[in-house]
Amino acid sequence: MGKLVHEPFDKLVKATLHNIERAKEFLEAHLSQKAKKYINLEKGIELVNKEFIKKEYRTLRCDIVYQVNINNKKGYIYCQVEAQSKPEKLLPLRILNYNLELITWHWENKKQEIPPIANLILYNGKESPYPYEINFLELLNQYKVAKELLIEGTTLIDLSIHEDKEIEKHKKTALMELLLKHSRQRDFYNYLEKLKKSGKFKVLLNYYDERYVEGILIFVTDMLNSKNHPIEKVTELFSGI
């Protein structure tokens with residue numbers, strides 16, 4: 001877990017919870033019943049030699065990460081200890097950020113899959129009981145809607161599987177989508193020529209403003225330049241439109 005910093009709080013916590021037997025007793029006492037359904041502490045628990053809290057914040061808090069068996073696969077228990085005296089409304093966001101760092105570290109250093117993570121937060125502040133939510137989702141306005149949109153509702157727009165005729169119905173964004181779809185092709189210039197000769201280029205540009213045309217011109221010029229087409233070719237494409 002790196003070098004111990006010179007705060008009594010940090011030393012006390014790590015001297016206690018870096019010991020696996022004491023850690024097991026602590027986790028057995030404090031893990032939620034939901035977590036205990038999946039976590040088997042008897043199948044092995046290992047201390048992870050990694051901290052995710054930045055050095056400038058370690059006078060207020062420290063973290064300890066254990067690798068454990070969760071539902072018969074590798075997972076983690078992320079334990080954060082809060083030494084600050086005042087509760088923090090946005091604590092769930094900070095925990096979420098640390099979880100994402102742990103996931104990224106695991107992906108890059110262990111196995112490329114997303115591990116399950118159980119979170120524990122040890123608080124010893126002055127205000128009792130702790131007054132704020134600790135579930136990230138509970139912070140969201142319109143909880144049910146936000147859950148469906150943020151957690152379950154991400155949409156991937158895969159232009160590669162959309163037919164051009166369908167994209168052309170998208171009015172003011174159609175030309176942008178078509179250019180993005182075909183720009184990776186080796187015959188991008190030929191595609192643009194056909195689009196111009198068909199009259200669709202002009203039709204699609206009817207939904208333009210000055211900034212839109214500028215963006216299209218810059219994009220087309222850059223893509224054609226990367227394919228070694230001279231600037232004159234770009235001029236030919238846009239002439240007469």
# chains A, B, ... in the order shown; residues from 1 in each chain; ligands from 1

$ residues_around --residues "Leu179 in chain A" --least-positions-apart "4" --cutoff "12 Å" --atoms "only C-alpha atoms" --output "PyMOL selection string"
chain A and resi 159-160+164+167-168+173-175+183-185+188-189+191-192+195+201+204+215-221+223-224

$ select_by_dssp --residues "range 2-217 of chain A" --states "strand (DSSP E)" --output "PyMOL selection string"
chain A and resi 39-47+61-70+73-82+117-123

$ closest_residue --among "A:Asn124, A:Ser32, A:Asn141, A:Asn228" --to "Ala83 in chain A" --atoms "only C-alpha atoms"
A:Asn124

$ closest_residue --among "A:Glu88, A:Asp63, A:Glu210, A:Glu51" --to "Leu122 in chain A" --atoms "only C-alpha atoms"
A:Asp63

$ closest_residue --among "A:Gly44, A:Pro115, A:Pro87, A:Pro8" --to "Ile20 in chain A" --atoms "only C-alpha atoms"
A:Gly44

$ atom_distance --atom1 "CA of Ser239 in chain A" --atom2 "CA of Lys194 in chain A"
14.4 Å

$ closest_residue --among "A:Val145, A:Leu31, A:Leu41, A:Ile53" --to "Glu101 in chain A" --atoms "only C-alpha atoms"
A:Ile53

$ select_by_dssp --residues "range 97-223 of chain A" --states "helix (DSSP H, G or I)" --output "PyMOL selection string"
chain A and resi 97-109+136-139+143-151+159-161+164-182+188-197+200-207+210-223

$ residues_around --residues "Ile114 in chain A" --least-positions-apart "2" --cutoff "10 Å" --atoms "only C-alpha atoms" --output "list in words"
Lys74, Gly75, Leu100, Leu102, Ile103, Thr104, His106, Trp107, Lys111, Gln112, Pro116 and Ile117 of chain A
